[in-house]
Every structure is written in structure tokens, then in C-alpha cells.
file work-v2.txt (compact mmCIF, C-alpha atoms)
# COMPACT_ATOMS: atom_id res chain seq x y z
CA MET P 216 0.00 0.00 0.00
CA ASN P 217 1.54 3.26 -1.12
CA GLY P 218 -1.20 5.71 -0.26
CA PRO P 219 -1.50 8.19 2.62
CA GLU P 220 0.22 7.04 5.78
CA ILE P 221 -1.04 6.19 9.24
CA GLN P 222 0.97 5.69 12.40
CA VAL P 223 0.62 2.26 14.00
CA HIS P 224 1.74 1.66 17.58
CA PHE P 225 1.93 -1.97 18.72
CA ALA P 226 1.72 -3.47 22.18
CA PRO P 227 5.27 -4.63 23.04
CA GLU P 228 4.22 -8.29 22.93
CA LEU P 229 3.30 -7.91 19.25
CA THR P 230 6.59 -6.55 17.98
CA VAL P 231 7.80 -10.13 17.54
CA PHE P 232 5.68 -10.06 14.38
CA VAL P 233 6.91 -6.63 13.23
CA PRO P 234 10.70 -6.50 13.54
CA ARG P 235 10.93 -2.94 12.24
CA ALA P 236 8.73 -1.79 15.12
CA ARG P 237 11.19 -2.95 17.77
CA GLY P 238 12.64 -0.15 19.82
CA THR P 239 9.84 2.36 19.33
CA ASN P 240 6.95 -0.14 18.93
CA THR P 241 5.73 2.14 16.14
CA VAL P 242 5.74 2.06 12.34
CA ARG P 243 4.26 4.15 9.58
CA ALA P 244 2.08 2.30 7.12
CA GLY P 245 0.52 3.21 3.82
CA THR P 246 -3.23 2.99 3.20
CA ASP P 247 -5.28 2.76 0.00
CA GLY P 248 -8.59 4.17 1.21
CA VAL P 249 -10.31 0.80 0.70
CA SER P 250 -8.59 -1.87 2.79
CA SER P 251 -9.74 -2.38 6.38
CA LEU P 252 -7.54 -1.60 9.34
CA GLY P 253 -7.54 -5.31 10.19
CA HIS P 254 -6.10 -6.03 6.74
CA VAL P 255 -3.44 -3.35 7.22
CA VAL P 256 -2.40 -4.82 10.58
CA GLU P 257 -2.23 -8.31 9.08
CA SER P 258 -0.17 -7.02 6.15
CA LEU P 259 2.34 -5.72 8.68
CA GLY P 260 2.70 -9.28 10.01
CA VAL P 261 0.39 -9.54 13.03
CA PRO P 262 -2.24 -12.33 13.01
CA LEU P 263 -5.58 -10.93 14.11
CA THR P 264 -5.87 -13.82 16.57
CA GLU P 265 -3.30 -11.90 18.65
CA VAL P 266 -5.07 -8.53 18.52
CA GLY P 267 -7.27 -7.59 21.44
CA ALA P 268 -8.50 -4.24 20.16
CA LEU P 269 -7.75 -1.53 17.61
CA VAL P 270 -7.83 2.04 18.89
CA VAL P 271 -7.84 5.01 16.50
CA ASP P 272 -7.20 8.48 17.89
CA GLY P 273 -8.34 7.31 21.32
CA ARG P 274 -11.49 5.40 20.32
CA GLU P 275 -11.88 1.67 19.78
CA VAL P 276 -12.87 0.71 16.24
CA PRO P 277 -13.82 -2.60 14.57
CA PHE P 278 -11.33 -4.48 12.41
CA ALA P 279 -13.44 -3.42 9.41
CA HIS P 280 -12.64 0.28 9.99
CA VAL P 281 -11.12 1.89 6.90
CA PRO P 282 -8.24 4.11 8.04
CA SER P 283 -7.74 7.66 6.85
CA ALA P 284 -4.50 9.53 6.33
CA GLY P 285 -2.85 10.73 9.52
CA GLU P 286 -4.71 8.49 11.94
CA ALA P 287 -2.85 7.25 15.00
CA VAL P 288 -3.58 3.57 15.59
CA THR P 289 -2.86 1.54 18.71
CA VAL P 290 -2.88 -2.24 18.37
CA ARG P 291 -3.56 -3.90 21.70
CA VAL P 292 -2.73 -7.48 22.62
CA VAL P 293 -5.43 -10.00 23.53
CA ALA P 294 -6.50 -9.65 27.16
CA ARG P 295 -5.87 -12.58 29.49
CA PRO P 296 -7.59 -14.79 30.37
CA GLN P 297 -9.05 -14.96 26.87
CA ARG P 298 -12.66 -16.07 26.80
CA VAL P 299 -13.75 -18.19 23.85
CA PRO P 300 -17.52 -18.00 23.34
CA GLY P 301 -19.91 -20.68 22.21
CA ALA P 302 -18.43 -24.11 22.82
CA PRO P 303 -16.61 -25.90 25.66
CA LEU P 304 -12.96 -24.91 25.45
CA ARG P 305 -11.00 -27.37 23.34
CA PHE P 306 -7.96 -27.18 21.11
CA LEU P 307 -6.58 -28.36 17.78
CA LEU P 308 -2.79 -28.44 17.30
CA ASP P 309 -0.84 -28.74 14.09
CA VAL P 310 1.85 -31.30 13.28
CA HIS P 311 4.66 -29.27 14.90
CA LEU P 312 3.17 -29.23 18.42
CA GLY P 313 3.06 -32.89 19.40
CA THR P 314 4.73 -32.49 22.80
CA LEU P 315 2.40 -29.65 23.73
CA ALA P 316 -0.58 -31.77 22.68
CA ARG P 317 0.49 -34.66 24.90
CA ARG P 318 1.02 -32.36 27.88
CA LEU P 319 -2.38 -30.73 27.48
CA ARG P 320 -3.98 -34.18 27.31
CA LEU P 321 -2.02 -35.21 30.40
CA LEU P 322 -3.76 -32.33 32.18
CA GLY P 323 -7.17 -33.48 30.96
CA VAL P 324 -7.63 -30.73 28.36
CA ASP P 325 -9.56 -31.78 25.23
CA THR P 326 -6.81 -31.57 22.61
CA ALA P 327 -6.99 -32.82 19.04
CA TYR P 328 -3.69 -33.16 17.19
CA GLU P 329 -2.74 -33.89 13.60
CA SER P 330 0.39 -36.05 13.52
CA THR P 331 0.76 -35.56 9.77
CA ASP P 332 0.72 -32.39 7.70
CA ILE P 333 -2.82 -32.34 6.29
CA GLY P 334 -2.52 -28.75 5.06
CA ASP P 335 -3.83 -25.42 6.27
CA PRO P 336 -7.27 -25.61 4.58
CA ALA P 337 -8.06 -28.97 6.23
CA LEU P 338 -6.89 -27.76 9.65
CA ALA P 339 -8.96 -24.59 9.41
CA THR P 340 -12.00 -26.58 8.30
CA ARG P 341 -11.63 -28.96 11.26
CA SER P 342 -11.24 -26.03 13.65
CA ALA P 343 -14.56 -24.63 12.41
CA ALA P 344 -16.40 -27.96 12.26
CA GLU P 345 -15.43 -29.00 15.80
CA GLN P 346 -15.26 -25.46 17.26
CA ARG P 347 -11.68 -25.89 18.42
CA VAL P 348 -9.12 -23.19 19.08
CA MET P 349 -6.32 -23.67 16.53
CA LEU P 350 -2.89 -23.48 18.18
CA SER P 351 0.01 -22.99 15.78
CA ARG P 352 3.23 -21.15 15.05
CA ASP P 353 2.15 -20.82 11.42
CA ARG P 354 1.00 -17.23 10.85
CA GLY P 355 -0.47 -18.10 7.46
CA LEU P 356 -2.71 -20.75 9.02
CA LEU P 357 -3.90 -18.30 11.68
CA ARG P 358 -4.91 -15.83 8.96
CA ARG P 359 -7.39 -18.23 7.36
CA ARG P 360 -10.90 -16.80 7.60
CA GLU P 361 -12.61 -20.18 8.11
CA LEU P 362 -10.87 -20.74 11.47
CA TRP P 363 -13.30 -20.87 14.37
CA ALA P 364 -10.68 -19.38 16.70
CA GLY P 365 -6.90 -19.44 16.90
CA ALA P 366 -3.84 -18.48 18.88
CA PHE P 367 -0.15 -18.15 18.07
CA VAL P 368 2.24 -20.31 20.11
CA TYR P 369 5.10 -17.93 20.86
CA SER P 370 7.78 -20.23 22.24
CA THR P 371 9.56 -23.21 20.71
CA ARG P 372 10.08 -24.80 24.15
CA PRO P 373 7.29 -27.19 25.25
CA GLU P 374 7.34 -26.13 28.92
CA GLU P 375 6.99 -22.46 27.94
CA GLN P 376 4.33 -23.29 25.35
CA LEU P 377 2.27 -25.09 27.97
CA ARG P 378 2.61 -22.29 30.50
CA ASP P 379 1.57 -19.70 27.92
CA VAL P 380 -1.50 -21.62 26.71
CA LEU P 381 -2.67 -22.30 30.28
CA ASP P 382 -2.16 -18.63 31.23
CA ARG P 383 -3.94 -17.34 28.13
CA PHE P 384 -7.02 -19.59 28.18
CA ARG P 385 -7.19 -20.91 31.78
CA PRO P 386 -8.75 -24.26 30.84
CA VAL P 387 -10.20 -26.50 33.53
CA LEU P 388 -7.51 -29.05 34.44
CA LEU P 389 -8.49 -32.67 35.07
CA PRO P 390 -5.17 -34.53 35.16
CA TRP P 391 -4.93 -38.22 34.32
CA THR P 392 -8.34 -38.35 32.63
CA ARG P 393 -7.33 -38.37 28.94
CA CYS P 394 -5.25 -40.62 26.73
CA THR P 395 -2.04 -38.82 25.76
CA ALA P 396 -1.94 -40.85 22.55
CA CYS P 397 -5.41 -40.22 21.11
CA ASN P 398 -7.25 -37.77 23.45
CA GLY P 399 -9.83 -40.39 24.45
CA VAL P 400 -11.29 -40.51 27.97
CA LEU P 401 -9.66 -42.88 30.48
CA ARG P 402 -11.47 -45.31 32.77
CA LYS P 403 -10.28 -47.52 35.58
CA ALA P 404 -9.29 -51.00 34.41
CA THR P 405 -8.42 -54.29 36.05
CA LYS P 406 -5.13 -56.06 35.46
CA ASP P 407 -6.94 -58.81 33.58
CA GLU P 408 -8.51 -56.30 31.20
CA VAL P 409 -5.11 -54.94 30.09
CA ALA P 410 -3.01 -58.08 30.59
CA ASP P 411 -2.26 -58.43 26.88
CA GLN P 412 -0.40 -55.08 26.97
CA LEU P 413 1.76 -55.87 30.01
CA LYS P 414 5.24 -57.31 30.05
CA HIS P 415 6.01 -59.87 32.78
CA GLY P 416 7.72 -57.36 35.08
CA THR P 417 4.90 -54.86 34.79
CA HIS P 418 2.31 -57.57 35.39
CA ALA P 419 4.07 -58.61 38.57
CA THR P 420 4.80 -55.10 39.89
CA TYR P 421 1.70 -52.98 39.24
CA ASP P 422 -1.93 -53.39 40.27
CA VAL P 423 -3.60 -50.07 39.42
CA PHE P 424 -4.43 -49.42 35.77
CA ALA P 425 -6.46 -47.20 33.50
CA GLN P 426 -7.50 -47.77 29.91
CA CYS P 427 -8.50 -45.46 27.08
CA THR P 428 -12.13 -45.90 26.10
CA ALA P 429 -11.29 -44.92 22.52
CA CYS P 430 -8.06 -46.71 21.53
CA GLY P 431 -7.73 -49.23 24.36
CA ARG P 432 -4.25 -48.17 25.45
CA ALA P 433 -3.36 -49.15 29.03
CA TYR P 434 -1.82 -46.78 31.60
CA TRP P 435 -0.06 -47.35 34.92
CA LYS P 436 2.45 -45.53 37.12
CA GLY P 437 5.56 -46.63 35.26
CA ALA P 438 9.15 -45.42 35.03
CA HIS P 439 8.27 -41.94 33.74
CA HIS P 440 5.51 -41.26 36.25
CA GLU P 441 7.57 -38.93 38.45
CA GLN P 442 8.44 -36.75 35.47
CA LEU P 443 4.78 -36.58 34.42
CA GLU P 444 3.70 -35.94 38.00
CA ALA P 445 6.06 -32.95 38.12
CA ILE P 446 4.46 -31.47 34.99
CA VAL P 447 1.00 -31.93 36.48
CA GLU P 448 1.87 -30.50 39.89
CA ARG P 449 3.56 -27.46 38.36
CA ALA P 450 0.56 -26.75 36.14
CA LEU P 451 -1.89 -27.12 39.02
CA ALA P 452 0.19 -24.85 41.26
CA GLU P 453 0.37 -22.15 38.60
CA SER P 454 -3.35 -22.49 37.94
CA ARG P 455 -4.12 -21.97 41.62
CA SER P 456 -1.80 -18.95 41.83
CA ASP P 457 -3.55 -17.36 38.84
CA GLY P 458 -6.74 -17.54 40.81
call {"tool": "encode", "arguments": {"input": "work-v2.txt", "output": "C-alpha cells"}}
result
Amino acid sequence: MNGPEIQVHFAPELTVFVPRARGTNTVRAGTDGVSSLGHVVESLGVPLTEVGALVVDGREVPFAHVPSAGEAVTVRVVARPQRVPGAPLRFLLDVHLGTLARRLRLLGVDTAYESTDIGDPALATRSAAEQRVMLSRDRGLLRRRELWAGAFVYSTRPEEQLRDVLDRFRPVLLPWTRCTACNGVLRKATKDEVADQLKHGTHATYDVFAQCTACGRAYWKGAHHEQLEAIVERALAESRSDG
């Protein structure tokens, strides 16, 4: 856009998307008299999933506002906790977020995950069909209009990703109630019911089991339980401190 300019000031958290805004948090952007302010912000690199409000000369405006020359725009970050209307809170994660998906499931959060790259259109369609919040680091995916809702995952580290998602959306945590492999609901199971999945040492050592009602996978407090317990306890403690 090479028309009359506007001044755009970004919340500090959003400058990760607009490198030239770092330092002052402000850029000048051209307008064409037709494109919406939401389109202008997106063209500067910020997914609208990350925008809480647009303020022009001190008044909040809709994303559809068509900017005029000389306007001063403030782009605010999404307020936390973010409320998602309509459906019970549940997520859809793309192929790059497998560890985050397993950790959310460990905490009992309804989390669908695509283990193969099915493409942005299919992911966006599933998000809309199942009313799931799309979590991704792919800005192009988060710009797709058919998404029901979405959020950018800022970190590349799973522990930071989990902390950020829990802080942003504050989902209800019900640890140990979902299958980390398929997202199905777990139920208590007897040793006989899962015996075909147990090696001799496990069969002799453990007596308490759970089983996925969807895929049939068996669970027990095995060698990695302490590590998983630490993830759960940390998440619960942070959830309580957030009030």
C-alpha cells in the first residue's frame, strides 16, 4: 500500500511479528482508502488472533474500519484470560506441536492433534467444524478466515508453550483423565482387562491401571511417572496462583 500514511503503535508483545517496530513499537504504514484496518495490521505481520483491540485516535474501532490519512492507531494485545464464546474450550494443534498436545492431554484438556501435515485448509475446516481453538506457530494458518478461533504459540520450548497456553485460556484441568496418545477418555481397568499389553515385570509389579475408552491403550504408574507428576503439579500450582 503506497497511499496516505497512518501511524501504528503496537503493544510490546506484538513486535515479535513486526521486527521494524522494535525499539519504538511504532511504524508508519501506507493505506489505500479501501482496505480495512484489520487487513493493514495483518499485512504488517500480526495475526488478528493476537489482537485484542484496535484504537484510532483514542477510540476503539472494529477491524473493518477503513483508516484515513494521519490516523494514530494503537494495536492492543489479547486480554488474558481470553474467553472463547460458544463451545466448551477445546484445542486443535498442528503437526509441529506434538509435545504440547500430549502435555495438554495429560492435564485433561480436550486436545486434538494432527500427527501428519494435512494442510492449512483442512486444519482450518476442522477447527470450524469442531469449534476448536487452533494453536500454531504458522501465521499463514492463523490468517485463514474459516478458522473458528486461533492463537499463536510464541515459544519453541514445550514447557513455555504449555505455561503460555494455560495462562492465556485458563482451561479446567483434570489430570490423568485423557489418553495422551489419542485424546480419548480414560477409565479404571483391572489387570486382567489390560493383561495383553503388560510385560512380565509390569504384570508382577503394578496393580492399578487405567484404559483409554477410545483406543484401548493401558496406563499405569511406570518409570516416567515422576516426570509426568512434576508437569501436572507445576501446572496445578500455577493455575491456583492465577486464581
call {"tool": "atom_distance", "arguments": {"input": "work-v2.txt", "atom1": "CA of Leu381 in chain P", "atom2": "CA of Leu315 in chain P"}}
result
11.1 Å
call {"tool": "atom_distance", "arguments": {"input": "work-v2.txt", "atom1": "CA of Tyr434 in chain P", "atom2": "CA of Glu408 in chain P"}}
result
11.6 Å
call {"tool": "residues_around", "arguments": {"input": "work-v2.txt", "residues": "range 288-303 of chain P", "least_positions_apart": "5", "cutoff": "8 Å", "atoms": "only C-alpha atoms", "output": "PyMOL selection string"}}
result
chain P and resi 221-226+228-229+264-272+346+364+382-385
call {"tool": "write_last_selection", "arguments": {"input": "work-v2.txt", "atoms": "C-alpha atoms", "output": "PDB file, in the coordinates of the input"}}
result
ATOM      1  CA  ILE P 221      -1.040   6.190   9.240  1.00  0.00           C
ATOM      2  CA  GLN P 222       0.970   5.690  12.400  1.00  0.00           C
ATOM      3  CA  VAL P 223       0.620   2.260  14.000  1.00  0.00           C
ATOM      4  CA  HIS P 224       1.740   1.660  17.580  1.00  0.00           C
ATOM      5  CA  PHE P 225       1.930  -1.970  18.720  1.00  0.00           C
ATOM      6  CA  ALA P 226       1.720  -3.470  22.180  1.00  0.00           C
ATOM      7  CA  GLU P 228       4.220  -8.290  22.930  1.00  0.00           C
ATOM      8  CA  LEU P 229       3.300  -7.910  19.250  1.00  0.00           C
ATOM      9  CA  THR P 264      -5.870 -13.820  16.570  1.00  0.00           C
ATOM     10  CA  GLU P 265      -3.300 -11.900  18.650  1.00  0.00           C
ATOM     11  CA  VAL P 266      -5.070  -8.530  18.520  1.00  0.00           C
ATOM     12  CA  GLY P 267      -7.270  -7.590  21.440  1.00  0.00           C
ATOM     13  CA  ALA P 268      -8.500  -4.240  20.160  1.00  0.00           C
ATOM     14  CA  LEU P 269      -7.750  -1.530  17.610  1.00  0.00           C
ATOM     15  CA  VAL P 270      -7.830   2.040  18.890  1.00  0.00           C
ATOM     16  CA  VAL P 271      -7.840   5.010  16.500  1.00  0.00           C
ATOM     17  CA  ASP P 272      -7.200   8.480  17.890  1.00  0.00           C
ATOM     18  CA  GLN P 346     -15.260 -25.460  17.260  1.00  0.00           C
ATOM     19  CA  ALA P 364     -10.680 -19.380  16.700  1.00  0.00           C
ATOM     20  CA  ASP P 382      -2.160 -18.630  31.230  1.00  0.00           C
ATOM     21  CA  ARG P 383      -3.940 -17.340  28.130  1.00  0.00           C
ATOM     22  CA  PHE P 384      -7.020 -19.590  28.180  1.00  0.00           C
ATOM     23  CA  ARG P 385      -7.190 -20.910  31.780  1.00  0.00           C
TER      24      ARG P 385
END
call {"tool": "residues_around", "arguments": {"input": "work-v2.txt", "residues": "Thr331 in chain P", "least_positions_apart": "5", "cutoff": "10 Å", "atoms": "all atoms listed in the file", "output": "PyMOL selection string"}}
result
chain P and resi 309-311
call {"tool": "residues_near_point", "arguments": {"input": "work-v2.txt", "point": "(-1.2, -56.9, 30.7)", "cutoff": "12 Å", "atoms": "all atoms listed in the file", "output": "PyMOL selection string"}}
result
chain P and resi 404-426+431-435
call {"tool": "closest_residue", "arguments": {"input": "work-v2.txt", "among": "P:Arg243, P:Arg318, P:Arg235, P:Arg402", "to": "Gln442 in chain P", "atoms": "all atoms listed in the file"}}
result
P:Arg318
call {"tool": "atom_distance", "arguments": {"input": "work-v2.txt", "atom1": "CA of Glu220 in chain P", "atom2": "CA of Val255 in chain P"}}
result
11.1 Å
call {"tool": "residues_around", "arguments": {"input": "work-v2.txt", "residues": "Asn398 in chain P", "least_positions_apart": "2", "cutoff": "10 Å", "atoms": "only C-alpha atoms", "output": "number ranges by chain"}}
result
P: 316-317, 319-321, 323-328, 392-396, 400-401, 427-430
call {"tool": "closest_residue", "arguments": {"input": "work-v2.txt", "among": "P:Trp363, P:Gln376, P:Leu322, P:Glu257", "to": "Trp391 in chain P", "atoms": "all atoms listed in the file"}}
result
P:Leu322
call {"tool": "residues_near_point", "arguments": {"input": "work-v2.txt", "point": "(7.3, -27.1, 21.6)", "cutoff": "9 Å", "atoms": "only C-alpha atoms", "output": "list in words"}}
result
His311, Leu312, Gly313, Thr314, Leu315, Val368, Ser370, Thr371, Arg372, Pro373, Glu374, Glu375, Gln376 and Leu377 of chain P
call {"tool": "write_last_selection", "arguments": {"input": "work-v2.txt", "atoms": "C-alpha atoms", "output": "PDB file, in the frame of the given file"}}
result
ATOM      1  CA  HIS P 311       4.660 -29.270  14.900  1.00  0.00           C
ATOM      2  CA  LEU P 312       3.170 -29.230  18.420  1.00  0.00           C
ATOM      3  CA  GLY P 313       3.060 -32.890  19.400  1.00  0.00           C
ATOM      4  CA  THR P 314       4.730 -32.490  22.800  1.00  0.00           C
ATOM      5  CA  LEU P 315       2.400 -29.650  23.730  1.00  0.00           C
ATOM      6  CA  VAL P 368       2.240 -20.310  20.110  1.00  0.00           C
ATOM      7  CA  SER P 370       7.780 -20.230  22.240  1.00  0.00           C
ATOM      8  CA  THR P 371       9.560 -23.210  20.710  1.00  0.00           C
ATOM      9  CA  ARG P 372      10.080 -24.800  24.150  1.00  0.00           C
ATOM     10  CA  PRO P 373       7.290 -27.190  25.250  1.00  0.00           C
ATOM     11  CA  GLU P 374       7.340 -26.130  28.920  1.00  0.00           C
ATOM     12  CA  GLU P 375       6.990 -22.460  27.940  1.00  0.00           C
ATOM     13  CA  GLN P 376       4.330 -23.290  25.350  1.00  0.00           C
ATOM     14  CA  LEU P 377       2.270 -25.090  27.970  1.00  0.00           C
TER      15      LEU P 377
END
call {"tool": "decode", "arguments": {"input": "work-v2.txt", "residues": "range 398-409 of chain P", "atoms": "all heavy atoms", "output": "short mmCIF file (atom, residue, chain, number, x, y, z; two decimals), in the first residue's frame"}}
result
data_model
loop_
_atom_site.label_atom_id
_atom_site.label_comp_id
_atom_site.auth_asym_id
_atom_site.auth_seq_id
_atom_site.Cartn_x
_atom_site.Cartn_y
_atom_site.Cartn_z
N ASN P 398 -6.33 -38.76 22.87
CA ASN P 398 -7.25 -37.77 23.45
C ASN P 398 -8.54 -38.41 23.98
O ASN P 398 -9.43 -37.71 24.45
CB ASN P 398 -7.60 -36.66 22.44
CG ASN P 398 -8.23 -35.44 23.09
OD1 ASN P 398 -7.77 -34.98 24.13
ND2 ASN P 398 -9.29 -34.91 22.48
N GLY P 399 -8.65 -39.74 23.91
CA GLY P 399 -9.83 -40.39 24.45
C GLY P 399 -9.90 -40.28 25.96
O GLY P 399 -8.92 -39.95 26.64
N VAL P 400 -11.06 -40.58 26.52
CA VAL P 400 -11.29 -40.51 27.97
C VAL P 400 -10.82 -41.82 28.61
O VAL P 400 -11.07 -42.91 28.08
CB VAL P 400 -12.77 -40.26 28.27
CG1 VAL P 400 -13.04 -40.31 29.77
CG2 VAL P 400 -13.22 -38.92 27.68
N LEU P 401 -10.14 -41.70 29.76
CA LEU P 401 -9.66 -42.88 30.48
C LEU P 401 -10.69 -43.38 31.49
O LEU P 401 -11.47 -42.61 32.03
CB LEU P 401 -8.36 -42.55 31.22
CG LEU P 401 -7.17 -42.08 30.37
CD1 LEU P 401 -5.95 -41.88 31.28
CD2 LEU P 401 -6.86 -43.05 29.25
N ARG P 402 -10.65 -44.68 31.73
CA ARG P 402 -11.47 -45.31 32.77
C ARG P 402 -10.58 -46.24 33.57
O ARG P 402 -9.52 -46.67 33.13
CB ARG P 402 -12.61 -46.11 32.15
CG ARG P 402 -12.15 -47.32 31.34
CD ARG P 402 -13.32 -48.22 30.96
NE ARG P 402 -12.85 -49.41 30.25
CZ ARG P 402 -12.44 -50.53 30.83
NH1 ARG P 402 -12.41 -50.62 32.17
NH2 ARG P 402 -12.04 -51.57 30.11
N LYS P 403 -11.00 -46.55 34.78
CA LYS P 403 -10.28 -47.52 35.58
C LYS P 403 -10.38 -48.90 34.91
O LYS P 403 -11.40 -49.23 34.32
CB LYS P 403 -10.86 -47.59 37.00
CG LYS P 403 -10.61 -46.34 37.83
CD LYS P 403 -11.18 -46.50 39.23
CE LYS P 403 -10.93 -45.26 40.07
NZ LYS P 403 -11.48 -45.40 41.45
N ALA P 404 -9.30 -49.67 35.03
CA ALA P 404 -9.29 -51.00 34.41
C ALA P 404 -8.65 -52.01 35.37
O ALA P 404 -7.79 -51.65 36.18
CB ALA P 404 -8.54 -50.97 33.09
N THR P 405 -9.05 -53.23 35.27
CA THR P 405 -8.42 -54.29 36.05
C THR P 405 -7.18 -54.81 35.32
O THR P 405 -7.02 -54.60 34.12
CB THR P 405 -9.39 -55.46 36.26
OG1 THR P 405 -9.65 -56.08 34.99
CG2 THR P 405 -10.70 -54.98 36.88
N LYS P 406 -6.32 -55.49 36.07
CA LYS P 406 -5.13 -56.06 35.46
C LYS P 406 -5.49 -57.05 34.36
O LYS P 406 -4.84 -57.10 33.31
CB LYS P 406 -4.27 -56.73 36.53
CG LYS P 406 -2.94 -57.25 35.99
CD LYS P 406 -2.11 -57.92 37.09
CE LYS P 406 -1.63 -56.93 38.11
NZ LYS P 406 -0.65 -57.54 39.08
N ASP P 407 -6.53 -57.83 34.59
CA ASP P 407 -6.94 -58.81 33.58
C ASP P 407 -7.37 -58.14 32.28
O ASP P 407 -7.13 -58.67 31.18
CB ASP P 407 -8.07 -59.68 34.12
CG ASP P 407 -7.60 -60.66 35.18
OD1 ASP P 407 -6.37 -60.89 35.25
OD2 ASP P 407 -8.44 -61.16 35.93
N GLU P 408 -8.01 -56.98 32.39
CA GLU P 408 -8.51 -56.30 31.20
C GLU P 408 -7.39 -55.79 30.30
O GLU P 408 -7.57 -55.64 29.10
CB GLU P 408 -9.42 -55.13 31.59
CG GLU P 408 -10.77 -55.56 32.15
CD GLU P 408 -11.60 -54.39 32.63
OE1 GLU P 408 -11.05 -53.53 33.37
OE2 GLU P 408 -12.79 -54.32 32.29
N VAL P 409 -6.22 -55.49 30.88
CA VAL P 409 -5.11 -54.94 30.09
C VAL P 409 -3.92 -55.89 30.04
O VAL P 409 -2.82 -55.52 29.62
CB VAL P 409 -4.66 -53.56 30.65
CG1 VAL P 409 -5.79 -52.55 30.56
CG2 VAL P 409 -4.16 -53.68 32.09
#
